[in-house]
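This report refers to the structure that appears directly beneath it.
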Amino acid sequence: MNKSIILKTCLIGLTTISLSSCAIFQKKEAPQTKKEAPKKGGIKAFSKVITKDAKTDKGLFNVHYLDKKYFYEIPDSLLNREMLMVTRIAKTATGLGFGGGKQNTQVLKWQKKGDNILLRVVSHDIVAADSLPIHEAVVNSNFEPILYSFPIKAFHKDSTANASVIDVTSLFEKDIQALGLRNSRRKAYKISKVDNNRSYVDTIKSFPENIEVRHVKTYNAGNPPSNQSTGSISLEFSNSMILLPSNPMKRRYFDERVGWFARSQTDYGLDAQKSKDVKFLDRWRLEVKDEDIEKYNNGELVEPKKQIVYYIDRATPDKWKKYIKQGIEDWQVAFEAAGFKNAIIAKDAPTIEEDPDWSPEDVRYSVVRYLASPIPNANGPHVSDPRTGEILESDINWYHNVMTLLRNWYFVQTAAINEEARGVEFKDEIMGRLIRFVSSHEVGHTLGLPHNMGSSVAYDVEDLRDPEFTKKYSTAPSIMDYARFNYVAQPGDGDVALMPNIGPYDKYAIKWGYKPILDKSAEKEKSTLDAWILEHAGDPLYRFGSQQRTVIDPTSQTEDLGSDSMKASAYGIENLKRIVPNLIEWTAEDGKDYQDLEDLYVQVLSQYNRYMGHVTANIGGVVETYKTYDQEGAVYEHTSTDKQERAMEFLQENLFETPEWLLNKDIFNKIEFDGSVERISDYQSRTLNNLLDYGRMARLIENTELNGDKAYGLTDMMSELRQGVFSELSSRKKIDLYRRNLQRAYVERLEYLMTNEQKRSSGRRNSGSKINVNRSDIKAVVRAELTTLQSALKSSQYSFSDTMSKIHIKDLIERVDLILNPIK
């Protein structure tokens, strides 16, 4: 046979035989070995695909790495099993969010179709029991889209399983949006495409119940938030694929009267005359051991079948570990209310020597991750089964600079009464106690509890100054509120508590969500759950107040304390007045610049502004108390007239009247060459704009219509606001620079109300009031206020003796006239 014929034969056989097996390229004939029979349809023998050079990681799937490619070996037993894919940002750059930020969560399943493996997206949004006739219709209207298709490269059969081998490299190298950056971010950064030359798979690790993928994506971006010279952004993503339990947990159905993270489905199989949404809780699977059922029924505390265990990351500094552990195990007292002892425990992560295979990415381990990041925050996300709400694992992200945040809060809220807070760096035991507080709060989220912003209002303001009361009840009934530290307590009050602990509401909520109700289905246990709620109905200690995007309910605010915003804020301001004159002394250190002085002065301003926000929310506020038909009273009630009037009076005295105590020249001349005037003016105009908000004005109009002349209405607020902001028109006092800026801001805001439209509401609860501004009384009332103001300005323009007041009044007259009579 001549060479050309031999070469042609070799080329024809390339699809099934490697090039090196052709004799023309070999110096001598290779020894004969027993060959595996080639598979039909392009599927090769396993040993030809996964050679001895492959690196194999055994786990949920065996993952093979060979020639820069990753292969999954999927056992037949795991085909059609549902798995949860969680996509997070693992590493990021400035302005691109933070490590741990979730991008997407979806249920997937692997399905064999001919010589391919399909990766399909499973939805649990609409359901019906498979025993019902309507189940077929639900399936037909819930067709599972195909995320990706993989040709089967080989089959592998061993003593334990049959498996299909696929190359998954392209799934993570290509721009599969479900596994990368969410669409809203793509739009914000004007992303066009992925740059394949700067994108790659970093690692794929297999664990017994999950597979963890790390891949780097570089996106070409027209509007990158940082490193703009590159015209791109690079992110490292984490994709966690978690096997869902084959034996799903019993659900517990949601009730809005108890705060809980929940998920919903539309169930077409219920005995109702319409499709119905059902919501159920996200919670850990805490179950009573069979041998302990009798003890549990007798009221004895029992250990659950499986404890909730949190491991402390190896990277955590040793001196903080015990405080983070204490914050975790503080929740044991709440689980005791649910019938369990030792339900939640903290452990150190094993050292590399103790367990070289241990990894925080293994879904079997929940970990407090200590991250070297400048982000001043911590968060507690969790991963849960969308079918039942069972929490499968949780990683609390603990950023190093959360200590800066704690320092700032503790200083500005307690330094007036607490010597331990006077300085820029605290003793380890003080910082440790603060870390324990934050640890406990974040763990609460991982247990299923959202923020309860309606908690702190349960305590009377004066009780927060009482050492005996605060020692017993701390500063709020729930650690899940944003009730940071006790800014109400005054010097001389004694040894008052300064922060919240696990409180009555927390114990009640954990009992309601976790206490097993044995021998009852999820549907039949609802009556028991309802009875537990009604036991505490009307008691503010057990009230849940949701976190709001737009503050409508003044009793569900962030960072507030006590039942009366005006009283609490007045005490808070008194303490700020004590702090400001001491700022230089409390931040002083030889050889150091004034950065700490500036930082803490800004914290004082921010705290002051919070007080103004707490008070402002009372005007046009509506209190929300969740109820059901078997409870008396209204769900929504307008804030009392007394509180609204006192709120307006407070703002006039503490904000619109120039706060001279904040204007400390000794501080200004060390931290800035200008800007002190603008700082105060910005806070005044911000509150002014919040007051003169379309939604707030609409609620004031409605309050008058529903509750009559005794209600605090829009004309009441507008009249009192104008008279306070322009009090110099009657007193003839000199109008100082801050007041001139405030009065101009007032006129500008009325112009805005006259000439702009309200932004459309999304329609979701607490996103703002719906009102058609042009058909409401708002513009008519604003026009009347401008007319009244114009008349008052003209009457008083010759009554001022100083030059700037005269110039200012004349300017305002012109501005108002242009609003009322615009040039066409």
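Here's how to read the names in the structure tokens: chain A, B, ... by the order shown, residue numbers from 1 in each chain, ligand numbers from 1 in the order shown.
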
Contacts of A:Gly724 within 10 Å, only C-alpha atoms, excl. fewer than 6 positions in-chain, as number ranges by chain: A: 648-649, 651-653, 656-657, 718

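The environment of stretch 182-186 of chain A within 6 Å, counting only C-alpha atoms and disregarding residues fewer than 4 places along the same chain, consists of Gln103, Lys190 and Ile191 of chain A.
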
Save the residues we just selected, N, CA and C atoms, as a compact mmCIF listing (two decimals), in the first residue's frame?
```
# COMPACT_ATOMS: atom_id res chain seq x y z
N GLN A 103 -27.14 37.08 42.64
CA GLN A 103 -27.58 37.53 41.33
C GLN A 103 -28.81 36.77 40.82
N LYS A 190 -24.18 49.42 30.89
CA LYS A 190 -24.18 49.43 29.42
C LYS A 190 -23.27 48.33 28.87
N ILE A 191 -23.52 47.12 29.32
CA ILE A 191 -22.71 45.97 28.91
C ILE A 191 -23.15 45.50 27.53
```

Picked from stretch 378-494 of chain A by DSSP as helix (DSSP H, G or I), as a ChimeraX atom specification: /A:402-414,419-421,428-446,456-458,461-465,467-473

Shell around A:Arg775 at 12 Å using only C-alpha atoms, local window under 4 positions removed, as an MDAnalysis selection string: chainID A and resid 698 757:758 771 779:780

A:Val488 environment, 10 Å, only C-alpha atoms, sequence neighbours closer than 2 positions dropped, as a list in words: Gln413, Thr414, Ile417, Val461, Glu462, Asp463, Leu464, Arg465, Thr475, Phe485, Asn486, Gln490, Leu498, Asp560, Leu561, Gly562, Lys567, Ala568, Ser569, Ala570, Tyr571, Gly572, Ile573, Glu574 and Asn575 of chain A

Stretch 298-307 of chain A surroundings by only C-alpha atoms, 12 Å radius, close-in-sequence under 6 positions cut, as a PyMOL selection string: chain A and resi 284-292+329+332-333+335-347+364-366+392+514-516

Nearest-residue call for A:Arg722, choices A:Gln790, A:Ser77, A:Thr555, A:Ser149, using only C-alpha atoms: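 Looking at the shortest contact to A:Arg722, the residue is A:Gln790.
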
Non-local contacts of A:Tyr200 (6 Å; only C-alpha atoms; under 5 positions in same chain excluded) as a PyMOL selection string: chain A and resi 173+215-216

Point-to-point distance in Å for atom CA of A:Ser234 and atom CA of A:Val107: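 Rounded to one decimal, the two atoms are 26.3 Å apart.
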